[in-house]
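Undergrad: If it helps, the file is called start.txt and holds compact mmCIF, C-alpha atoms and all ligand atoms:
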# COMPACT_ATOMS: atom_id res chain seq x y z
CA MET A 1 16.35 11.89 37.10
CA LYS A 2 15.55 10.16 33.85
CA LYS A 3 13.52 6.97 34.13
CA LYS A 4 15.53 3.97 32.97
CA ILE A 5 13.78 1.69 30.47
CA LEU A 6 15.13 -1.71 29.49
CA ILE A 7 14.45 -2.63 25.87
CA THR A 8 14.97 -6.27 24.97
CA GLY A 9 15.58 -6.65 21.26
CA GLY A 10 16.41 -2.96 21.11
CA THR A 11 18.63 -3.24 18.04
CA GLY A 12 15.85 -4.88 16.03
CA TYR A 13 13.42 -3.22 13.67
CA ILE A 14 10.70 -1.99 16.03
CA GLY A 15 13.04 -1.98 19.04
CA SER A 16 15.48 0.48 17.48
CA HIS A 17 12.73 2.91 16.48
CA THR A 18 11.24 2.68 19.95
CA THR A 19 14.65 3.32 21.55
CA VAL A 20 14.94 6.52 19.51
CA GLU A 21 11.47 7.70 20.55
CA LEU A 22 12.12 6.88 24.22
CA ILE A 23 15.37 8.82 24.22
CA GLU A 24 13.68 11.75 22.51
CA ALA A 25 10.89 11.64 25.10
CA GLY A 26 13.46 12.00 27.89
CA PHE A 27 13.93 8.41 29.05
CA GLU A 28 17.21 6.60 29.58
CA ALA A 29 17.25 3.56 27.31
CA ILE A 30 19.33 0.44 27.91
CA ILE A 31 19.23 -2.48 25.53
CA ILE A 32 19.63 -6.22 25.78
CA ASP A 33 20.03 -7.99 22.45
CA ASN A 34 21.76 -11.20 21.35
CA LEU A 35 22.28 -9.70 17.86
CA TYR A 36 20.88 -12.90 16.37
CA ASN A 37 18.86 -10.95 13.83
CA SER A 38 20.31 -7.44 14.08
CA ASP A 39 23.52 -5.48 14.00
CA ALA A 40 25.42 -3.71 16.78
CA ASP A 41 26.02 -0.84 14.33
CA VAL A 42 22.38 0.16 14.93
CA ILE A 43 23.61 1.72 18.19
CA ASN A 44 25.84 4.10 16.20
CA ASN A 45 22.87 5.13 14.10
CA ILE A 46 20.68 5.65 17.17
CA PHE A 47 23.51 7.91 18.38
CA LYS A 48 23.53 9.82 15.08
CA ILE A 49 19.79 10.44 15.37
CA THR A 50 19.51 11.25 19.08
CA GLY A 51 23.02 12.27 20.20
CA VAL A 52 22.75 9.53 22.86
CA ARG A 53 24.45 6.15 22.75
CA PRO A 54 22.27 3.68 24.67
CA HIS A 55 24.07 0.92 26.54
CA LEU A 56 23.93 -2.37 24.61
CA GLU A 57 24.33 -5.58 26.60
CA VAL A 58 24.89 -8.46 24.21
CA LEU A 59 23.03 -11.17 26.03
CA ASP A 60 20.61 -13.99 25.30
CA LEU A 61 17.50 -13.86 27.47
CA CYS A 62 17.53 -17.67 27.58
CA ASP A 63 20.71 -17.31 29.67
CA LYS A 64 18.98 -16.58 32.95
CA GLU A 65 22.11 -16.27 35.10
CA ASN A 66 23.57 -13.56 32.90
CA LEU A 67 20.22 -11.83 32.65
CA LYS A 68 20.01 -11.79 36.45
CA ARG A 69 23.54 -10.44 36.70
CA PHE A 70 22.83 -7.62 34.26
CA ILE A 71 19.48 -6.61 35.73
CA GLY A 72 21.06 -6.87 39.20
CA GLN A 73 23.43 -4.13 38.07
CA ASN A 74 20.45 -2.05 36.91
CA LYS A 75 17.97 -2.45 39.74
CA ASP A 76 16.65 1.07 39.07
CA ILE A 77 14.92 0.00 35.84
CA SER A 78 11.42 1.57 35.82
CA ALA A 79 9.96 -0.60 33.07
CA VAL A 80 10.80 -3.20 30.46
CA ILE A 81 9.71 -3.37 26.84
CA HIS A 82 10.07 -6.90 25.57
CA PHE A 83 10.64 -7.15 21.82
CA ALA A 84 13.29 -9.87 21.67
CA ALA A 85 11.82 -12.87 19.85
CA PHE A 86 12.03 -14.95 16.71
CA LYS A 87 9.44 -13.63 14.25
CA ALA A 88 9.50 -15.50 10.95
CA VAL A 89 6.16 -17.22 10.44
CA GLY A 90 7.38 -19.73 7.83
CA GLU A 91 10.52 -20.65 9.75
CA SER A 92 8.46 -21.25 12.88
CA VAL A 93 6.54 -24.00 11.07
CA ILE A 94 9.83 -25.74 10.23
CA LYS A 95 11.48 -25.18 13.62
CA PRO A 96 8.63 -25.06 16.14
CA LEU A 97 10.73 -26.15 19.11
CA ASP A 98 13.26 -23.38 18.49
CA TYR A 99 10.41 -20.89 18.48
CA TYR A 100 8.71 -22.20 21.60
CA ARG A 101 11.99 -22.47 23.51
CA ASN A 102 13.36 -19.12 22.47
CA ASN A 103 10.22 -16.98 22.64
CA LEU A 104 8.71 -18.54 25.76
CA LEU A 105 11.82 -19.32 27.80
CA SER A 106 13.11 -15.79 27.29
CA LEU A 107 9.79 -14.35 28.45
CA ILE A 108 9.62 -16.59 31.51
CA ASN A 109 13.22 -15.79 32.45
CA LEU A 110 12.52 -12.10 32.05
CA LEU A 111 9.39 -12.22 34.23
CA GLU A 112 11.18 -14.24 36.92
CA VAL A 113 14.15 -11.89 37.02
CA MET A 114 11.85 -8.84 37.02
CA LYS A 115 10.00 -10.36 39.98
CA HIS A 116 13.28 -11.08 41.77
CA PHE A 117 14.29 -7.42 41.53
CA ALA A 118 10.75 -6.08 42.05
CA ILE A 119 10.61 -4.46 38.60
CA SER A 120 6.91 -4.31 37.95
CA ASN A 121 6.14 -2.64 34.59
CA LEU A 122 6.17 -4.55 31.32
CA VAL A 123 5.16 -3.70 27.76
CA PHE A 124 4.89 -6.76 25.53
CA SER A 125 5.32 -6.84 21.79
CA SER A 126 2.30 -8.79 20.56
CA SER A 127 0.69 -9.12 17.17
CA CYS A 128 -2.64 -9.07 15.37
CA THR A 129 -1.77 -12.64 14.45
CA VAL A 130 -3.50 -13.62 17.72
CA TYR A 131 -6.87 -12.88 16.06
CA GLY A 132 -6.39 -15.30 13.16
CA GLN A 133 -9.05 -14.60 10.52
CA PRO A 134 -11.64 -12.73 12.58
CA GLU A 135 -15.31 -13.14 11.80
CA LYS A 136 -16.02 -9.41 12.08
CA LEU A 137 -13.97 -6.46 10.89
CA PRO A 138 -12.48 -4.19 12.01
CA VAL A 139 -10.90 -5.98 14.94
CA THR A 140 -11.41 -4.66 18.46
CA GLU A 141 -9.57 -5.87 21.54
CA ASP A 142 -12.68 -7.91 22.44
CA THR A 143 -12.69 -9.81 19.16
CA PRO A 144 -12.34 -13.50 20.09
CA LEU A 145 -8.90 -14.98 19.46
CA GLN A 146 -8.69 -17.82 16.95
CA PRO A 147 -6.35 -20.81 17.15
CA ALA A 148 -2.91 -19.65 16.02
CA THR A 149 -2.00 -20.53 12.45
CA SER A 150 1.74 -20.91 13.16
CA PRO A 151 4.05 -21.73 16.09
CA TYR A 152 5.21 -18.09 15.92
CA GLY A 153 1.62 -16.88 16.34
CA ASN A 154 1.12 -19.39 19.12
CA THR A 155 4.12 -17.99 21.02
CA LYS A 156 2.42 -14.58 20.94
CA GLN A 157 -0.85 -16.02 22.25
CA ILE A 158 0.88 -18.06 24.94
CA GLY A 159 3.14 -15.11 25.76
CA GLU A 160 0.10 -12.91 26.38
CA THR A 161 -1.45 -15.61 28.58
CA ILE A 162 1.74 -16.02 30.61
CA ILE A 163 1.86 -12.27 31.22
CA LYS A 164 -1.82 -11.99 32.05
CA ASP A 165 -1.60 -14.89 34.53
CA THR A 166 1.45 -13.27 36.11
CA THR A 167 -0.45 -10.01 36.66
CA ILE A 168 -3.32 -11.98 38.22
CA SER A 169 -1.01 -13.88 40.57
CA ASP A 170 1.00 -10.84 41.62
CA ILE A 171 -0.78 -7.51 41.95
CA ASN A 172 2.53 -5.68 41.83
CA VAL A 173 3.03 -6.63 38.19
CA LYS A 174 1.48 -4.33 35.60
CA ALA A 175 1.62 -5.12 31.91
CA ILE A 176 0.41 -3.87 28.56
CA SER A 177 0.30 -6.06 25.47
CA LEU A 178 0.45 -4.10 22.24
CA ARG A 179 -1.02 -5.96 19.30
CA TYR A 180 0.66 -4.60 16.22
CA PHE A 181 -0.92 -4.77 12.82
CA ASN A 182 1.64 -4.53 9.96
CA PRO A 183 4.52 -2.16 10.72
CA ILE A 184 6.32 -0.77 7.68
CA GLY A 185 8.71 2.03 6.79
CA ALA A 186 11.74 3.43 8.52
CA HIS A 187 12.97 6.41 10.47
CA PRO A 188 12.81 9.61 8.35
CA SER A 189 16.59 10.01 8.80
CA ALA A 190 16.96 6.71 6.84
CA LEU A 191 19.54 5.68 9.46
CA ILE A 192 17.52 2.83 10.96
CA GLY A 193 14.98 0.50 9.38
CA GLU A 194 14.13 -3.11 8.72
CA LEU A 195 17.09 -5.36 7.95
CA PRO A 196 15.77 -8.73 6.84
CA ARG A 197 18.39 -11.44 6.60
CA GLY A 198 18.28 -13.26 3.26
CA ILE A 199 15.09 -13.25 1.22
CA PRO A 200 12.43 -11.12 2.93
CA GLU A 201 9.18 -12.80 3.95
CA ASN A 202 7.27 -9.58 4.43
CA LEU A 203 5.66 -7.60 1.67
CA VAL A 204 7.27 -4.17 1.98
CA PRO A 205 10.95 -5.22 2.18
CA TYR A 206 10.31 -7.55 -0.76
CA LEU A 207 8.70 -4.69 -2.65
CA THR A 208 11.55 -2.24 -2.04
CA GLN A 209 14.21 -4.84 -2.83
CA THR A 210 12.44 -5.61 -6.10
CA GLY A 211 12.20 -1.88 -6.84
CA TYR A 212 15.94 -1.60 -6.26
CA GLY A 213 16.62 -4.48 -8.65
CA LEU A 214 17.74 -6.99 -6.05
CA ARG A 215 14.82 -9.32 -6.79
CA ASP A 216 13.44 -10.07 -10.26
CA GLU A 217 9.81 -9.59 -9.39
CA LEU A 218 7.38 -9.49 -6.51
CA LYS A 219 5.10 -12.47 -6.20
CA VAL A 220 1.59 -11.44 -5.26
CA PHE A 221 0.22 -14.30 -3.21
CA GLY A 222 -3.25 -14.71 -4.65
CA ASN A 223 -5.77 -12.49 -6.47
CA ASP A 224 -8.80 -14.67 -5.85
CA TYR A 225 -9.61 -13.63 -2.28
CA ASN A 226 -12.98 -12.25 -1.32
CA THR A 227 -11.72 -8.65 -1.36
CA PRO A 228 -12.42 -5.77 -3.79
CA ASP A 229 -9.33 -6.42 -5.96
CA GLY A 230 -8.84 -10.08 -4.99
CA SER A 231 -5.60 -9.59 -3.04
CA CYS A 232 -5.19 -9.83 0.76
CA ILE A 233 -5.89 -6.83 2.96
CA ARG A 234 -3.74 -5.65 5.89
CA ASP A 235 -3.45 -2.59 8.10
CA TYR A 236 0.01 -1.12 7.41
CA LEU A 237 1.25 1.42 9.95
CA HIS A 238 4.39 3.50 10.02
CA VAL A 239 6.97 2.05 12.41
CA VAL A 240 7.62 5.49 13.92
CA ASP A 241 3.93 5.82 14.81
CA LEU A 242 4.14 2.35 16.32
CA ALA A 243 7.29 3.25 18.28
CA LYS A 244 5.55 6.29 19.76
CA ALA A 245 2.77 4.06 21.12
CA HIS A 246 5.39 2.30 23.26
CA VAL A 247 6.43 5.61 24.79
CA VAL A 248 2.82 6.36 25.66
CA ALA A 249 2.37 2.87 27.14
CA ILE A 250 5.52 3.30 29.25
CA GLU A 251 4.34 6.72 30.47
CA ARG A 252 0.98 5.20 31.38
CA LEU A 253 2.53 2.39 33.41
CA THR A 254 5.26 4.38 35.12
CA ALA A 255 2.82 7.16 36.06
CA GLY A 256 0.33 4.59 37.38
CA ARG A 257 -2.35 5.71 34.92
CA ASN A 258 -3.19 2.16 33.85
CA LYS A 259 -6.79 1.16 34.53
CA ALA A 260 -6.13 -2.54 35.03
CA ASN A 261 -3.04 -4.56 35.85
CA TYR A 262 -3.20 -6.15 32.42
CA GLU A 263 -4.27 -4.13 29.40
CA VAL A 264 -4.32 -4.85 25.68
CA PHE A 265 -4.31 -2.37 22.81
CA ASN A 266 -4.61 -2.76 19.05
CA LEU A 267 -2.16 -0.62 17.16
CA GLY A 268 -3.14 0.04 13.58
CA THR A 269 -4.43 2.79 11.33
CA GLY A 270 -7.97 1.45 11.03
CA ARG A 271 -7.61 1.29 7.25
CA GLY A 272 -7.33 -1.89 5.22
CA VAL A 273 -4.94 -1.83 2.25
CA SER A 274 -4.68 -4.54 -0.41
CA VAL A 275 -1.42 -5.88 -1.85
CA PHE A 276 -2.21 -4.13 -5.16
CA GLU A 277 -2.79 -0.82 -3.34
CA ALA A 278 0.57 -1.27 -1.57
CA ILE A 279 2.22 -1.80 -4.96
CA LYS A 280 0.56 1.37 -6.32
CA SER A 281 1.77 3.33 -3.31
CA PHE A 282 5.31 2.09 -3.88
CA GLU A 283 5.17 3.03 -7.57
CA HIS A 284 3.83 6.46 -6.64
CA VAL A 285 6.52 7.33 -4.10
CA SER A 286 9.44 5.76 -5.97
CA GLY A 287 8.44 6.79 -9.49
CA LYS A 288 9.31 3.22 -10.56
CA LYS A 289 7.19 0.62 -12.28
CA LEU A 290 7.27 -2.52 -10.17
CA LYS A 291 7.61 -5.93 -11.77
CA TYR A 292 5.20 -8.35 -10.20
CA LYS A 293 3.43 -11.60 -10.96
CA VAL A 294 0.32 -13.08 -9.38
CA VAL A 295 1.02 -16.54 -7.99
CA GLY A 296 -0.96 -18.93 -5.80
CA ARG A 297 -2.03 -18.17 -2.26
CA ARG A 298 0.58 -18.42 0.52
CA ALA A 299 -0.25 -21.15 3.03
CA GLY A 300 -1.58 -19.76 6.29
CA ASP A 301 -2.30 -16.28 4.94
CA ILE A 302 -5.25 -14.44 6.38
CA GLU A 303 -7.62 -12.97 3.78
CA LYS A 304 -8.27 -9.62 5.40
CA ILE A 305 -7.65 -7.92 8.68
CA TRP A 306 -7.53 -4.36 9.90
CA ALA A 307 -7.72 -2.74 13.29
CA ASP A 308 -10.26 -0.78 15.16
CA PRO A 309 -7.74 1.44 16.97
CA SER A 310 -10.35 3.51 18.83
CA PHE A 311 -9.49 2.04 22.26
CA ALA A 312 -5.83 3.06 21.84
CA ASN A 313 -6.96 6.43 20.44
CA LYS A 314 -9.13 7.09 23.47
CA GLU A 315 -7.21 5.46 26.30
CA LEU A 316 -3.63 6.09 25.19
CA GLY A 317 -4.29 9.31 23.33
CA TRP A 318 -2.37 7.71 20.48
CA LYS A 319 -3.13 7.53 16.79
CA THR A 320 -1.18 6.98 13.62
CA LEU A 321 -0.12 10.18 11.88
CA SER A 322 1.58 8.93 8.70
CA SER A 323 -0.20 7.95 5.51
CA LEU A 324 0.59 4.79 3.57
CA ASP A 325 2.55 6.83 1.00
CA GLU A 326 4.59 8.55 3.71
CA ALA A 327 5.46 5.25 5.34
CA MET A 328 6.24 3.65 1.97
CA LYS A 329 8.49 6.58 1.04
CA THR A 330 10.60 6.06 4.19
CA ALA A 331 10.84 2.32 3.40
CA TRP A 332 12.13 3.20 -0.07
CA ASP A 333 14.60 5.80 1.25
CA TRP A 334 15.92 3.24 3.73
CA GLU A 335 16.33 0.59 1.02
CA LYS A 336 18.40 3.01 -1.06
CA PHE A 337 20.46 4.01 1.99
CA ILE A 338 21.42 0.45 2.95
CA ARG A 339 22.22 -0.56 -0.62
CA GLN A 340 24.47 2.48 -1.10
CA LYS A 341 26.13 1.76 2.25
CA LYS A 342 26.77 -1.86 1.24
CA GLN A 343 28.33 -0.71 -2.04
CA GLN A 344 30.72 1.54 -0.13
CA LEU A 345 31.92 -1.34 2.07
C1 LIG B 401 2.99 -11.85 9.16
C2 LIG B 401 2.41 -12.44 10.41
C3 LIG B 401 2.43 -11.44 11.52
C4 LIG B 401 3.80 -10.94 11.73
C5 LIG B 401 4.28 -10.31 10.44
C6 LIG B 401 5.70 -9.78 10.59
C7 LIG B 401 0.62 -14.09 10.45
C8 LIG B 401 -0.73 -14.43 9.99
N1 LIG B 401 1.06 -12.89 10.11
O1 LIG B 401 2.10 -10.87 8.74
O2 LIG B 401 1.98 -12.01 12.71
O3 LIG B 401 3.81 -10.02 12.78
O4 LIG B 401 4.25 -11.29 9.42
O5 LIG B 401 6.64 -10.78 10.50
O6 LIG B 401 1.24 -14.87 11.10
N2 LIG B 401 2.66 -10.77 0.27
C9 LIG B 401 2.81 -10.95 -1.08
N3 LIG B 401 4.06 -11.21 -1.58
C10 LIG B 401 5.16 -11.27 -0.76
C11 LIG B 401 4.99 -11.07 0.64
C12 LIG B 401 3.72 -10.84 1.12
O7 LIG B 401 1.84 -10.90 -1.84
O8 LIG B 401 6.26 -11.51 -1.26
C13 LIG B 401 1.31 -10.48 0.81
C14 LIG B 401 0.82 -11.52 1.79
O9 LIG B 401 0.11 -12.50 1.15
C15 LIG B 401 -0.05 -10.66 2.71
C16 LIG B 401 0.58 -9.28 2.66
O10 LIG B 401 1.41 -9.28 1.52
O11 LIG B 401 -1.32 -10.54 2.15
C17 LIG B 401 1.40 -8.98 3.89
O12 LIG B 401 2.30 -10.05 4.12
P1 LIG B 401 3.45 -9.96 5.22
O13 LIG B 401 4.20 -8.69 5.06
O14 LIG B 401 4.22 -11.23 5.16
O15 LIG B 401 2.69 -9.84 6.60
P2 LIG B 401 1.55 -10.75 7.26
O16 LIG B 401 1.45 -12.07 6.61
O17 LIG B 401 0.33 -9.93 7.36
Take the structure in the file and write it out as structure tokens.
TA:
Amino acid sequence: MKKKILITGGTGYIGSHTTVELIEAGFEAIIIDNLYNSDADVINNIFKITGVRPHLEVLDLCDKENLKRFIGQNKDISAVIHFAAFKAVGESVIKPLDYYRNNLLSLINLLEVMKHFAISNLVFSSSCTVYGQPEKLPVTEDTPLQPATSPYGNTKQIGETIIKDTTISDINVKAISLRYFNPIGAHPSALIGELPRGIPENLVPYLTQTGYGLRDELKVFGNDYNTPDGSCIRDYLHVVDLAKAHVVAIERLTAGRNKANYEVFNLGTGRGVSVFEAIKSFEHVSGKKLKYKVVGRRAGDIEKIWADPSFANKELGWKTLSSLDEAMKTAWDWEKFIRQKKQQL
């Protein structure tokens, strides 16, 4: 019997890649998504990749009654991976209450309904944003957290606390928070990838859209940081590598191999890459010269951050396999795929 895994936000960027990896690892995947920031067509593309069409329940996790009804029909769920959340940093500053209500209410509803049906395993989609600008690099899981720099970041910190407190209060609940560094790229099939609505906030979609001619030029937010080339440094990891970490985390929880009821892992490559290096990588894999202009710093940006992934390497037996160029190449292939698809419509 295949273990049934519920993926909230399973039609989103990281959720869809994780669904593919779970199916390929032999799990049954079922998805809850309100399609607020994604497209139901993703299910067709997951089918094209895996030959399996996961069930999609279009449902808002803030609607507790419906959530209870659906999970009540799927009491044999072995574990939940919770991706569903608002994730735009800038928007969260403008609409903090929307972010707190959506991201926290959905988590609380999920935990309450899981408790009601005695579903005890949870993997939570967290972020390196919880570290703020750390004093020491690279960042380990013991690096002290800094006050969040946005309501979005705060929902990740509070979300982790809510989950941790739940595992303390109820020894039947086991959870893993995965702190992602910067996921980029797309599935090698170019059938699923990141689909930002409107103007992208994140570097790589902006880069590929500029390369495709959809945007005039990339704005590099600052070249006066205390870094070797003056631009900000991040740890960019391939989304497929990231997705595979979720499979390993699920296997750990469902096999009872976890060493504590609440565990946290950093997921990154361990390598810091500057904005200018990311541009060079794009130019290398696309063969295109990218138009860019250096502008002022973006408010709230962190100067430099990269992971120490050794705890995940050792404990989960997980590490990133793709290089920056490989990940960038898949991002570029995906950009071309969606633009061609849009032209055909
Ligand atoms: C942000 C969030 C992170 C979140 C992620 C995905 C913070 C501090 N970081 O990451 O939690 O998970 O978004 O939504 O809250 N850049 C440019 N020009 C652009 C876009 C970006 O130069 O047009 C630069 C930025 O200054 C930054 C780097 O590229 O140095 C990466 O930016 P971005 O992709 O937005 O990710 P983060 O800010 O690291």
Undergrad: Please extract the residues at most 6 Å from ligand LIG 401 (chain B), counting all atoms listed in the file, and provide them as a PyMOL selection string, using the chain letters and residue numbers of this document.
TA: chain A and resi 87-89+127+129+153+201-203+206+218-221+232-233+275+298+301-302
Undergrad: What's the separation between atom CA of Asp63 of chain A and atom CA of Asn37 of chain A, in Å to one decimal place?
TA: 17.2 Å
Undergrad: Would you please work out which residue, of A:Arg53, A:Tyr99, A:Ile199, A:Tyr262, is nearest to Asp165 of chain A when using all atoms listed in the file?
TA: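 Between A:Arg53, A:Tyr99, A:Ile199, A:Tyr262, the residue approaching Asp165 of chain A most closely is A:Tyr262.
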Undergrad: Counting only C-alpha atoms, what is within 10 Å of Tyr212 of chain A, bar same-chain residues fewer than 3 positions away, as a ChimeraX atom specification?
TA: /A:206-209,215-216,286,288,290,332,335-336,339
Undergrad: Please compute the atom CA of Val52 of chain A-atom CA of Ile23 of chain A distance, one decimal, in Å.
TA: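 For atom CA of Val52 of chain A relative to atom CA of Ile23 of chain A, the distance reads 7.5 Å.
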Undergrad: Here is a test: counting all atoms listed in the file, which residue of A:Asn34, A:Asn313, A:Asn45, A:Gln343 is nearest to Val20 of chain A?
TA: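 The answer is A:Asn45, which sits nearest to Val20 of chain A.
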Undergrad: Ranking A:His238, A:Lys115, A:His187, A:Lys156 by minimum distance to Ile171 of chain A and counting all atoms listed in the file, which one comes first?
TA: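 Of all the options, A:Lys115 lies closest to Ile171 of chain A.
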Undergrad: Nearest to Lys68 of chain A: which of A:Leu195, A:Val239, A:Leu111, A:Val80 is it, counting all atoms listed in the file?
TA: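 Of all the options, A:Leu111 lies closest to Lys68 of chain A.
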Undergrad: When you count only C-alpha atoms, which of these residues is closest to Val248 of chain A: A:Lys329, A:Lys319, A:Lys304, A:Lys48?
TA: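 Among the listed residues, A:Lys319 lies closest to Val248 of chain A.
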Undergrad: Just the number, please: distance in Å from atom CA of Arg69 of chain A to atom CA of Ser106 of chain A, one decimal.
TA: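 For atom CA of Arg69 of chain A relative to atom CA of Ser106 of chain A, the distance reads 15.0 Å.
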Undergrad: From the list A:Leu137, A:Ala175, A:Ala40, A:Ile250, which residue is nearest Arg234 of chain A when using only C-alpha atoms?
TA: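 Comparing A:Leu137, A:Ala175, A:Ala40, A:Ile250 against Arg234 of chain A, the winner is A:Leu137.
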Undergrad: Can you tell me, as JSON, numbers by chain, what residues are no more than 12 Å from Glu65 of chain A when counting only C-alpha atoms, ignoring any on the same chain fewer than 3 positions away?
TA: {"A": [59, 60, 61, 62, 68, 69, 70, 71, 72, 106, 109, 110, 112, 113]}
Undergrad: Could you give me, as a PDB file with C-alpha atoms, keeping the file's coordinate frame, the residues within 12 Å of Leu316 of chain A, counting all atoms listed in the file and dropping anything in the same chain fewer than 6 positions from it?
TA:
ATOM      1  CA  ILE A 176       0.410  -3.870  28.560  1.00  0.00           C
ATOM      2  CA  LEU A 178       0.450  -4.100  22.240  1.00  0.00           C
ATOM      3  CA  LYS A 244       5.550   6.290  19.760  1.00  0.00           C
ATOM      4  CA  ALA A 245       2.770   4.060  21.120  1.00  0.00           C
ATOM      5  CA  HIS A 246       5.390   2.300  23.260  1.00  0.00           C
ATOM      6  CA  VAL A 247       6.430   5.610  24.790  1.00  0.00           C
ATOM      7  CA  VAL A 248       2.820   6.360  25.660  1.00  0.00           C
ATOM      8  CA  ALA A 249       2.370   2.870  27.140  1.00  0.00           C
ATOM      9  CA  ILE A 250       5.520   3.300  29.250  1.00  0.00           C
ATOM     10  CA  GLU A 251       4.340   6.720  30.470  1.00  0.00           C
ATOM     11  CA  ARG A 252       0.980   5.200  31.380  1.00  0.00           C
ATOM     12  CA  LEU A 253       2.530   2.390  33.410  1.00  0.00           C
ATOM     13  CA  ARG A 257      -2.350   5.710  34.920  1.00  0.00           C
ATOM     14  CA  ASN A 258      -3.190   2.160  33.850  1.00  0.00           C
ATOM     15  CA  LYS A 259      -6.790   1.160  34.530  1.00  0.00           C
ATOM     16  CA  GLU A 263      -4.270  -4.130  29.400  1.00  0.00           C
ATOM     17  CA  VAL A 264      -4.320  -4.850  25.680  1.00  0.00           C
ATOM     18  CA  PHE A 265      -4.310  -2.370  22.810  1.00  0.00           C
ATOM     19  CA  ASN A 266      -4.610  -2.760  19.050  1.00  0.00           C
ATOM     20  CA  LEU A 267      -2.160  -0.620  17.160  1.00  0.00           C
ATOM     21  CA  PRO A 309      -7.740   1.440  16.970  1.00  0.00           C
ATOM     22  CA  SER A 310     -10.350   3.510  18.830  1.00  0.00           C
TER      23      SER A 310
END
Undergrad: Which neighbours of Asn44 of chain A fall inside 10 Å, counting all atoms listed in the file, when residues of the same chain fewer than 5 positions from it are skipped, and could you give them as a list of chain:residue names?
TA: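 Close residues of Asn44 of chain A: A:Ile49, A:Thr50, A:Gly51, A:Val52, A:Arg53, A:Pro54, A:Leu191, A:Ile192.
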Undergrad: So that I can check the surroundings of Gly159 of chain A, please list as a list in words every protein, DNA and RNA residue that reaches within 9 Å of it, counting all atoms listed in the file and ignoring chain neighbours fewer than 4 positions away.
TA: Asn103, Leu104, Leu107, Ile108, Phe124, Ser126, Asn154, Thr155, Ile163 and Lys164 of chain A
Undergrad: Would you kindly identify which residues have an atom no farther than 9 Å from (23.4, -4.6, 28.1), using all atoms listed in the file and the file's own coordinates, and write them out as a list of chain:residue names?
TA: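 Collected hits near the coordinates: A:Leu6, A:Ile30, A:Ile31, A:Ile32, A:Asp33, A:His55, A:Leu56, A:Glu57, A:Val58, A:Leu59, A:Phe70, A:Ile71.
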